[in-house]
Amino acid sequence: MRTNIVIIVIFLFFSVIIYRVYNLSIVSYQEYNKLSQKNMTKTIPIPPVRGIIYDRDNNPVALNELRFNLTIKPHLKENELNQTLQNIIALIPDSNLSKMYQEYKKNNSPYNNKNIPILTYLPEDLVYKIEPILSQDGNIRFEPTYLRKYPYKFYLSNVLGYVSKANKKDLQRNKVIAYTQISGKRGVERYYDNILQGSLGEKKVIVNARNKILKVLDIKEPISHKIILSIDTKLQKFIYDLLESENKKGAVVVMRTNGEILALVSVPSYDNNLFVKGISYKKWNELSHNIYNPLLNKPVSGLYPPGSTVKPAEALIAIASGKWNPWQKIFCGPYVEIGNRKFRDWKLGGHGPTDVFKAIKRSVDVYFYKIGLKLGIDYIAENLKKMGFGKKTGIDLPNEKKGIVPNKEWKAKKYHQPWFIGETLNAVIGQGYFLATPIQVAVNTALIASGKLPKPFVVKQIDNNVTKPIIKDVLNYKEKKNLWMIRKGMWEVCNSPGGTATRHINTKITIAGKTGTAQVYSIPQEVKKRKREDELKYFHRSHAWLTTYGPYKNPQFVVTVLIEHGGHGGSAAGGIVSKIYNYLVDNGYIK
């Protein structure tokens with residue numbers, strides 16, 4: 001009995017040994033071999049180079065300059081780190097030891113196995129001098145990178161925007177940013193950031209236990225995209241310098257009637273190169289507290305009372321309503337009285353008998369007061385929104401403002417108050433609560449010129465894909481039928497004796513337009529004779545508008561100019577508009 005038990009025990013013992021030998025030699029070998037093979041094959045992401053942006057003449061306006069980041073291995077002991085930093089200081093004396101130390105400590109964690117950049121965007125010529133010496137320190141590595149450069153600086157900064165170091169939100173919205181570590185912050189750089197970031201490539205390699213690459217198995221190249229703007233940089237610079245030479249601030253839009261923008265100027269502006277490596281607190285303070293607001297993209301994000309630039313659209317609304325006779329000469333005295341308040345015309349004695357042509361030509365306030373009283377604010381506001389006001393134009397730039405076309409519902413929601421008749425009279429002359437952007441005024445002008453409402457755009461092409469203009473047919477039959485009257489009135493503004501811009505227009509082609517004087521400073525109604533604009537303090541002066549299209553008989557371009565605190569539209573902007581049209585003729589845009 002005992003003999004049998006011993007035999008069984010011995011059998012079981014050897015069975016276990018045989019199983020272990022089999023498991024180790026056969027099964028485990030296969031598993032460990034698979035694991036070994038897996039560990040030896042590694043995929044390394046290859047970040048793309050940010051896409052280059054060109055203007056319409058294929059001049060690069062946002063490009064990349066080769067630079068290097070000096071990086072240090074993570075997890076260094078204190079004495080080893082200090083020695084490495086001393087090696088760097090010895091060759092780069094102007095580097096800050098304290099800042100480098102803090103940067104390393106901030107990014108050195110048990111979970112980080114990547115080298116830590118402590119000096120960024122070092123120029124090529126410096127790196128070529130110091131790299132042979134510093135590379136002897138095994139803790140230091142130079143990694144190539146790119147510095148975004150904007151050769152035209154403030155001329156195009158409102159259009160281009162800039163790139164800077166990515167934040168946590170940026171990292172979440174695009175996986176490429178985790179490798180490039182930069183993202184677009186304003187302008188085209190922000191609106192088209194996902195396209196400009198490109199697509200990651202990858203390199204499949206075999207590495208040893210020390211992570212050294214033994215063999216490259218396959219390479220998939222990263223993809224970058226180029227963008228071509230519709231902007232003419234020479235025209236943009238011409239207009240910016242023109243405003244600067246006359247010490248004027250404001251916004252200018254030069255646009256084809258199909259929405260293609262050739263110039264989008266905002267004065268004053270800023271050097272977008274300042275932001276790429278990180279702007280200093282002092283410089284940021286200077287820009288953000290500047291009373292002339294250089295950081296604001298005024299054509300797209302600037303909100304201003306549109307003044308009399310809304311009158312052509314309102315005249316069209318009135319005529320098409322069937323409730324207004326454009327041929328009838330209505331007596332327009334010096335004011336309209338509502339209750340105890342007098343709503344005055346800009347002309348002290350009034351304009352006398354006025355039809356729609358004279359009302360536009362002379363910008364007769366009383367005529368439009370009467371339109372407002374006849375049609376009511378809700379009807380006018382509804383149709384103005386259809387014609388481009390009070391909503392975003394859809395331009396391909398970030399932070400566009402939609403403006404305000406006020407009506408009864410808007411005031412009730414905003415202020416929980418009823419609408420008063422006097423507010424209608426303020427609104428119909430583009431004052432009161434009414435606010436618009438220069439790009440909205442330009443789009444509305446294009447609608448009157450062409451009969452169609454365009455969607456403005458600044459990017460003409462992405463790689464080989466050309467932007468197709470989007471034009472909406474928003475006018476009804478009656479509005480289209482009577483457009484000629486509005487156009488004729490706008491022709492008289494710029495060409496007929498007594499037109500509010502006639503004396504200030506000197507163009508090589510015939511244009512049509514509308515002036516506007518938008519008050520920013522409230523003048524009591526009891527004041528009959530008002531001070532001249534040049535007698536007021538600068539920030540009390542009215543904004544000056546002149547929005548135009550040309551050639552008159554074959555509309556191709558819209559030129560809209562807003563001069564902040566410029567006074568009267570014709571005198572402040574007429575010369576600028578004239579020079580822009582002459583530039584378009586001289587450079588073959590208008591034949």
# chains A, B, ... in the order shown; residues from 1 in each chain; ligands from 1
call {"tool": "closest_atom_pairs", "arguments": {"of": "stretch 313-366 of chain A", "to": "stretch 505-513 of chain A", "cutoff": "12 Å", "atoms": "only C-alpha atoms", "output": "JSON lines"}}
result
{"residue": "A:Ile360", "atom": "CA", "partner": "A:Gly513", "partner_atom": "CA", "distance": 9.6}
{"residue": "A:Lys361", "atom": "CA", "partner": "A:Gly513", "partner_atom": "CA", "distance": 9.3}
{"residue": "A:Arg362", "atom": "CA", "partner": "A:Gly513", "partner_atom": "CA", "distance": 11.9}
{"residue": "A:Ser363", "atom": "CA", "partner": "A:Gly513", "partner_atom": "CA", "distance": 11.4}
call {"tool": "write_last_selection", "arguments": {"atoms": "all heavy atoms", "output": "compact mmCIF listing (two decimals), in the first residue's frame"}}
result
# COMPACT_ATOMS: atom_id res chain seq x y z
N ILE A 360 -31.82 110.73 -50.57
CA ILE A 360 -30.55 109.98 -50.51
C ILE A 360 -29.38 110.91 -50.81
O ILE A 360 -28.38 110.91 -50.10
CB ILE A 360 -30.58 108.79 -51.49
CG1 ILE A 360 -31.66 107.79 -51.08
CG2 ILE A 360 -29.22 108.12 -51.55
CD1 ILE A 360 -31.90 106.68 -52.07
N LYS A 361 -29.53 111.70 -51.87
CA LYS A 361 -28.46 112.62 -52.28
C LYS A 361 -28.06 113.57 -51.16
O LYS A 361 -26.87 113.78 -50.91
CB LYS A 361 -28.95 113.42 -53.50
CG LYS A 361 -28.07 114.59 -53.89
CD LYS A 361 -28.73 115.38 -55.03
CE LYS A 361 -28.05 116.70 -55.27
NZ LYS A 361 -28.71 117.47 -56.35
N ARG A 362 -29.05 114.15 -50.49
CA ARG A 362 -28.78 115.15 -49.45
C ARG A 362 -28.85 114.55 -48.04
O ARG A 362 -28.65 115.25 -47.06
CB ARG A 362 -29.78 116.30 -49.57
CG ARG A 362 -29.74 117.06 -50.88
CD ARG A 362 -28.45 117.87 -51.01
NE ARG A 362 -28.43 118.95 -50.01
CZ ARG A 362 -27.31 119.46 -49.49
NH1 ARG A 362 -26.14 118.98 -49.85
NH2 ARG A 362 -27.38 120.44 -48.61
N SER A 363 -29.16 113.25 -47.94
CA SER A 363 -29.25 112.55 -46.66
C SER A 363 -30.22 113.27 -45.72
O SER A 363 -29.89 113.62 -44.58
CB SER A 363 -27.87 112.44 -46.00
OG SER A 363 -27.86 111.43 -45.01
call {"tool": "residues_around", "arguments": {"residues": "A:Met387", "least_positions_apart": "2", "cutoff": "12 Å", "atoms": "only C-alpha atoms", "output": "ChimeraX atom specification"}}
result
/A:310,312-314,316-317,380-385,389-393,405,440-448,451-455,472-476,479
call {"tool": "select_by_dssp", "arguments": {"residues": "stretch 75-323 of chain A", "states": "strand (DSSP E)", "output": "PyMOL selection string"}}
result
chain A and resi 116-123+140-149+163-165+182-184+201-207+213-220+227-229+250-256+261-267
call {"tool": "atom_distance", "arguments": {"atom1": "atom CA of A:Phe68", "atom2": "atom CA of A:Pro48"}}
result
15.7 Å
call {"tool": "select_by_dssp", "arguments": {"residues": "stretch 273-303 of chain A", "states": "helix (DSSP H, G or I)", "output": "PyMOL selection string"}}
result
chain A and resi 273-275+281-288+298-301
call {"tool": "closest_residue", "arguments": {"among": "A:Trp327, A:Phe238, A:Phe457, A:Tyr583", "to": "A:Arg256", "atoms": "only C-alpha atoms"}}
result
A:Phe457
call {"tool": "atom_distance", "arguments": {"atom1": "atom CA of A:Leu348", "atom2": "atom CA of A:Gly567"}}
result
17.1 Å
call {"tool": "closest_atom_pairs", "arguments": {"of": "stretch 273-348 of chain A", "to": "stretch 160-180 of chain A", "cutoff": "12 Å", "atoms": "only C-alpha atoms", "output": "JSON lines"}}
result
{"residue": "A:Asn273", "atom": "CA", "partner": "A:Tyr162", "partner_atom": "CA", "distance": 7.3}
{"residue": "A:Leu274", "atom": "CA", "partner": "A:Tyr162", "partner_atom": "CA", "distance": 9.0}
{"residue": "A:Phe275", "atom": "CA", "partner": "A:Ser164", "partner_atom": "CA", "distance": 6.0}
{"residue": "A:Val276", "atom": "CA", "partner": "A:Ser164", "partner_atom": "CA", "distance": 4.6}
{"residue": "A:Lys277", "atom": "CA", "partner": "A:Ser164", "partner_atom": "CA", "distance": 6.5}
{"residue": "A:Gly278", "atom": "CA", "partner": "A:Ser164", "partner_atom": "CA", "distance": 6.6}
{"residue": "A:Ile279", "atom": "CA", "partner": "A:Ser164", "partner_atom": "CA", "distance": 9.2}
{"residue": "A:Leu295", "atom": "CA", "partner": "A:Gly161", "partner_atom": "CA", "distance": 9.7}
{"residue": "A:Leu296", "atom": "CA", "partner": "A:Gly161", "partner_atom": "CA", "distance": 10.7}
{"residue": "A:Asn297", "atom": "CA", "partner": "A:Gly161", "partner_atom": "CA", "distance": 9.4}
call {"tool": "residues_around", "arguments": {"residues": "A:Ile46", "least_positions_apart": "5", "cutoff": "9 Å", "atoms": "only C-alpha atoms", "output": "MDAnalysis selection string"}}
result
chainID A and resid 179 200:203 220:222
call {"tool": "closest_residue", "arguments": {"among": "A:Leu97, A:Val252, A:Ile223, A:Val356", "to": "A:Lys329", "atoms": "only C-alpha atoms"}}
result
A:Val356
call {"tool": "closest_residue", "arguments": {"among": "A:Ser321, A:Thr145, A:Ser157, A:Asn340", "to": "A:Tyr121", "atoms": "only C-alpha atoms"}}
result
A:Thr145
call {"tool": "closest_residue", "arguments": {"among": "A:Lys553, A:Pro110, A:Lys105, A:Ile377", "to": "A:Glu409", "atoms": "only C-alpha atoms"}}
result
A:Ile377
call {"tool": "closest_residue", "arguments": {"among": "A:Gly430, A:Pro438, A:Pro45, A:Gly575", "to": "A:Ser308", "atoms": "only C-alpha atoms"}}
result
A:Gly430
call {"tool": "closest_residue", "arguments": {"among": "A:Ile395, A:Met485, A:Ala320, A:Leu66", "to": "A:Leu375", "atoms": "only C-alpha atoms"}}
result
A:Ala320
call {"tool": "residues_around", "arguments": {"residues": "A:Lys73", "least_positions_apart": "2", "cutoff": "9 Å", "atoms": "only C-alpha atoms", "output": "compact mmCIF listing (two decimals) with all heavy atoms, in the first residue's frame"}}
result
# COMPACT_ATOMS: atom_id res chain seq x y z
N THR A 71 16.90 71.12 -25.19
CA THR A 71 16.14 70.31 -24.23
C THR A 71 17.08 69.51 -23.34
O THR A 71 18.23 69.22 -23.70
CB THR A 71 15.20 69.34 -24.98
OG1 THR A 71 15.98 68.35 -25.66
CG2 THR A 71 14.33 70.08 -26.00
N HIS A 75 14.18 63.68 -15.14
CA HIS A 75 14.55 62.85 -13.98
C HIS A 75 16.02 62.96 -13.59
O HIS A 75 16.61 62.00 -13.07
CB HIS A 75 14.19 61.37 -14.22
CG HIS A 75 12.85 61.16 -14.82
ND1 HIS A 75 12.57 60.21 -15.78
CD2 HIS A 75 11.67 61.81 -14.62
CE1 HIS A 75 11.30 60.27 -16.12
NE2 HIS A 75 10.73 61.25 -15.43
N LEU A 76 16.66 64.07 -13.87
CA LEU A 76 18.06 64.26 -13.46
C LEU A 76 18.14 64.55 -11.96
O LEU A 76 17.27 65.21 -11.39
CB LEU A 76 18.69 65.42 -14.23
CG LEU A 76 18.86 65.26 -15.75
CD1 LEU A 76 19.56 66.49 -16.32
CD2 LEU A 76 19.63 64.00 -16.10
N ASN A 113 8.51 61.35 -19.77
CA ASN A 113 9.73 60.70 -20.25
C ASN A 113 10.33 61.42 -21.45
O ASN A 113 11.28 60.93 -22.06
CB ASN A 113 9.45 59.24 -20.61
CG ASN A 113 9.08 58.43 -19.37
OD1 ASN A 113 9.81 58.44 -18.39
ND2 ASN A 113 7.94 57.75 -19.41
N LYS A 114 9.75 62.57 -21.77
CA LYS A 114 10.27 63.35 -22.90
C LYS A 114 11.27 64.39 -22.42
O LYS A 114 11.17 64.88 -21.29
CB LYS A 114 9.12 64.06 -23.63
CG LYS A 114 8.12 63.13 -24.29
CD LYS A 114 7.02 63.93 -24.97
CE LYS A 114 5.99 63.02 -25.63
NZ LYS A 114 4.89 63.80 -26.27
N ASN A 115 12.20 64.72 -23.28
CA ASN A 115 13.13 65.81 -22.95
C ASN A 115 12.37 67.10 -22.71
O ASN A 115 11.34 67.37 -23.33
CB ASN A 115 14.13 66.00 -24.09
CG ASN A 115 15.33 65.10 -23.93
OD1 ASN A 115 15.21 63.99 -23.41
ND2 ASN A 115 16.49 65.57 -24.35
N ILE A 116 12.89 67.91 -21.81
CA ILE A 116 12.22 69.15 -21.40
C ILE A 116 12.87 70.35 -22.05
O ILE A 116 14.07 70.60 -21.84
CB ILE A 116 12.26 69.29 -19.86
CG1 ILE A 116 11.54 68.10 -19.22
CG2 ILE A 116 11.65 70.61 -19.42
CD1 ILE A 116 11.78 67.99 -17.73
N GLY A 138 25.67 64.43 -22.33
CA GLY A 138 24.64 63.48 -22.77
C GLY A 138 23.23 63.84 -22.35
O GLY A 138 22.26 63.26 -22.86
N ASN A 139 23.09 64.82 -21.45
CA ASN A 139 21.76 65.22 -20.99
C ASN A 139 21.10 66.25 -21.90
O ASN A 139 19.93 66.56 -21.75
CB ASN A 139 21.84 65.79 -19.57
CG ASN A 139 22.32 64.76 -18.57
OD1 ASN A 139 21.97 63.59 -18.67
ND2 ASN A 139 23.13 65.19 -17.61
N ILE A 140 21.90 66.81 -22.82
CA ILE A 140 21.41 67.91 -23.67
C ILE A 140 21.13 67.41 -25.08
O ILE A 140 21.90 66.62 -25.64
CB ILE A 140 22.44 69.06 -23.72
CG1 ILE A 140 22.59 69.69 -22.34
CG2 ILE A 140 22.04 70.12 -24.75
CD1 ILE A 140 23.69 70.73 -22.26
N ARG A 141 20.01 67.88 -25.61
CA ARG A 141 19.70 67.57 -27.01
C ARG A 141 19.06 68.79 -27.67
O ARG A 141 18.25 69.48 -27.06
CB ARG A 141 18.74 66.38 -27.09
CG ARG A 141 18.53 65.86 -28.53
CD ARG A 141 17.87 64.52 -28.53
NE ARG A 141 16.46 64.63 -28.17
CZ ARG A 141 15.72 63.61 -27.74
NH1 ARG A 141 16.27 62.42 -27.58
NH2 ARG A 141 14.45 63.77 -27.44
call {"tool": "closest_atom_pairs", "arguments": {"of": "stretch 137-250 of chain A", "to": "stretch 539-547 of chain A", "cutoff": "12 Å", "atoms": "only C-alpha atoms", "output": "JSON lines"}}
result
{"residue": "A:Lys248", "atom": "CA", "partner": "A:Ala544", "partner_atom": "CA", "distance": 10.8}
{"residue": "A:Lys249", "atom": "CA", "partner": "A:His543", "partner_atom": "CA", "distance": 10.1}
{"residue": "A:Gly250", "atom": "CA", "partner": "A:His543", "partner_atom": "CA", "distance": 9.0}
call {"tool": "decode", "arguments": {"residues": "stretch 247-262 of chain A", "atoms": "all heavy atoms", "output": "short mmCIF file (atom, residue, chain, number, x, y, z; two decimals), in the first residue's frame"}}
result
data_model
loop_
_atom_site.label_atom_id
_atom_site.label_comp_id
_atom_site.auth_asym_id
_atom_site.auth_seq_id
_atom_site.Cartn_x
_atom_site.Cartn_y
_atom_site.Cartn_z
N ASN A 247 -3.16 110.68 -40.38
CA ASN A 247 -3.42 110.56 -38.94
C ASN A 247 -4.88 110.20 -38.66
O ASN A 247 -5.53 110.78 -37.78
CB ASN A 247 -3.05 111.86 -38.22
CG ASN A 247 -2.95 111.67 -36.71
OD1 ASN A 247 -2.66 110.57 -36.23
ND2 ASN A 247 -3.23 112.72 -35.96
N LYS A 248 -5.37 109.21 -39.40
CA LYS A 248 -6.76 108.77 -39.24
C LYS A 248 -6.81 107.33 -38.75
O LYS A 248 -5.98 106.50 -39.13
CB LYS A 248 -7.51 108.89 -40.57
CG LYS A 248 -7.73 110.35 -40.99
CD LYS A 248 -8.38 110.46 -42.35
CE LYS A 248 -8.65 111.94 -42.69
NZ LYS A 248 -9.19 112.11 -44.05
N LYS A 249 -7.78 107.07 -37.88
CA LYS A 249 -8.01 105.73 -37.36
C LYS A 249 -9.33 105.21 -37.90
O LYS A 249 -10.26 105.97 -38.12
CB LYS A 249 -8.07 105.73 -35.84
CG LYS A 249 -6.72 105.78 -35.14
CD LYS A 249 -6.16 107.17 -35.07
CE LYS A 249 -4.84 107.17 -34.30
NZ LYS A 249 -4.16 108.49 -34.39
N GLY A 250 -9.39 103.89 -38.10
CA GLY A 250 -10.67 103.35 -38.56
C GLY A 250 -10.53 102.05 -39.31
O GLY A 250 -9.62 101.25 -39.04
N ALA A 251 -11.44 101.84 -40.26
CA ALA A 251 -11.53 100.57 -40.98
C ALA A 251 -11.84 100.81 -42.44
O ALA A 251 -12.56 101.75 -42.78
CB ALA A 251 -12.62 99.70 -40.36
N VAL A 252 -11.27 99.95 -43.30
CA VAL A 252 -11.53 100.03 -44.74
C VAL A 252 -11.77 98.61 -45.26
O VAL A 252 -11.02 97.69 -44.94
CB VAL A 252 -10.36 100.67 -45.50
CG1 VAL A 252 -10.65 100.69 -47.00
CG2 VAL A 252 -10.07 102.08 -44.99
N VAL A 253 -12.81 98.47 -46.07
CA VAL A 253 -13.10 97.20 -46.74
C VAL A 253 -13.09 97.45 -48.25
O VAL A 253 -13.78 98.34 -48.74
CB VAL A 253 -14.48 96.64 -46.34
CG1 VAL A 253 -14.76 95.32 -47.07
CG2 VAL A 253 -14.58 96.45 -44.83
N VAL A 254 -12.29 96.67 -48.97
CA VAL A 254 -12.32 96.68 -50.44
C VAL A 254 -12.71 95.27 -50.87
O VAL A 254 -11.99 94.31 -50.60
CB VAL A 254 -10.97 97.07 -51.05
CG1 VAL A 254 -11.06 97.09 -52.58
CG2 VAL A 254 -10.51 98.43 -50.53
N MET A 255 -13.86 95.15 -51.52
CA MET A 255 -14.45 93.84 -51.79
C MET A 255 -15.09 93.81 -53.16
O MET A 255 -15.73 94.77 -53.58
CB MET A 255 -15.51 93.56 -50.71
CG MET A 255 -16.23 92.23 -50.81
SD MET A 255 -17.46 92.03 -49.48
CE MET A 255 -18.77 93.11 -50.09
N ARG A 256 -14.89 92.70 -53.86
CA ARG A 256 -15.68 92.49 -55.08
C ARG A 256 -17.15 92.31 -54.70
O ARG A 256 -17.45 91.90 -53.58
CB ARG A 256 -15.19 91.25 -55.84
CG ARG A 256 -13.80 91.38 -56.45
CD ARG A 256 -13.53 90.18 -57.34
NE ARG A 256 -12.13 90.09 -57.72
CZ ARG A 256 -11.58 90.72 -58.76
NH1 ARG A 256 -12.34 91.50 -59.51
NH2 ARG A 256 -10.31 90.57 -59.04
N THR A 257 -18.03 92.59 -55.62
CA THR A 257 -19.45 92.46 -55.30
C THR A 257 -19.87 91.01 -55.04
O THR A 257 -20.95 90.77 -54.53
CB THR A 257 -20.32 93.05 -56.44
OG1 THR A 257 -19.91 92.46 -57.69
CG2 THR A 257 -20.17 94.56 -56.51
N ASN A 258 -18.99 90.04 -55.36
CA ASN A 258 -19.30 88.63 -55.06
C ASN A 258 -18.78 88.21 -53.69
O ASN A 258 -18.91 87.05 -53.30
CB ASN A 258 -18.72 87.71 -56.14
CG ASN A 258 -17.20 87.67 -56.15
OD1 ASN A 258 -16.54 88.36 -55.36
ND2 ASN A 258 -16.63 86.87 -57.04
N GLY A 259 -18.17 89.14 -52.93
CA GLY A 259 -17.72 88.84 -51.57
C GLY A 259 -16.23 88.66 -51.42
O GLY A 259 -15.73 88.57 -50.29
N GLU A 260 -15.47 88.59 -52.52
CA GLU A 260 -14.02 88.39 -52.44
C GLU A 260 -13.34 89.68 -51.95
O GLU A 260 -13.47 90.72 -52.57
CB GLU A 260 -13.46 87.99 -53.80
CG GLU A 260 -11.97 87.74 -53.79
CD GLU A 260 -11.42 87.44 -55.18
OE1 GLU A 260 -12.23 87.33 -56.13
OE2 GLU A 260 -10.19 87.34 -55.32
N ILE A 261 -12.63 89.58 -50.85
CA ILE A 261 -12.04 90.76 -50.21
C ILE A 261 -10.59 90.94 -50.66
O ILE A 261 -9.76 90.04 -50.53
CB ILE A 261 -12.12 90.65 -48.68
CG1 ILE A 261 -13.59 90.71 -48.25
CG2 ILE A 261 -11.33 91.75 -48.00
CD1 ILE A 261 -13.82 90.53 -46.78
N LEU A 262 -10.30 92.14 -51.17
CA LEU A 262 -8.94 92.47 -51.58
C LEU A 262 -8.16 93.21 -50.49
O LEU A 262 -6.95 93.14 -50.44
CB LEU A 262 -8.96 93.33 -52.85
CG LEU A 262 -8.92 92.57 -54.17
CD1 LEU A 262 -10.22 91.81 -54.40
CD2 LEU A 262 -8.64 93.49 -55.34
#
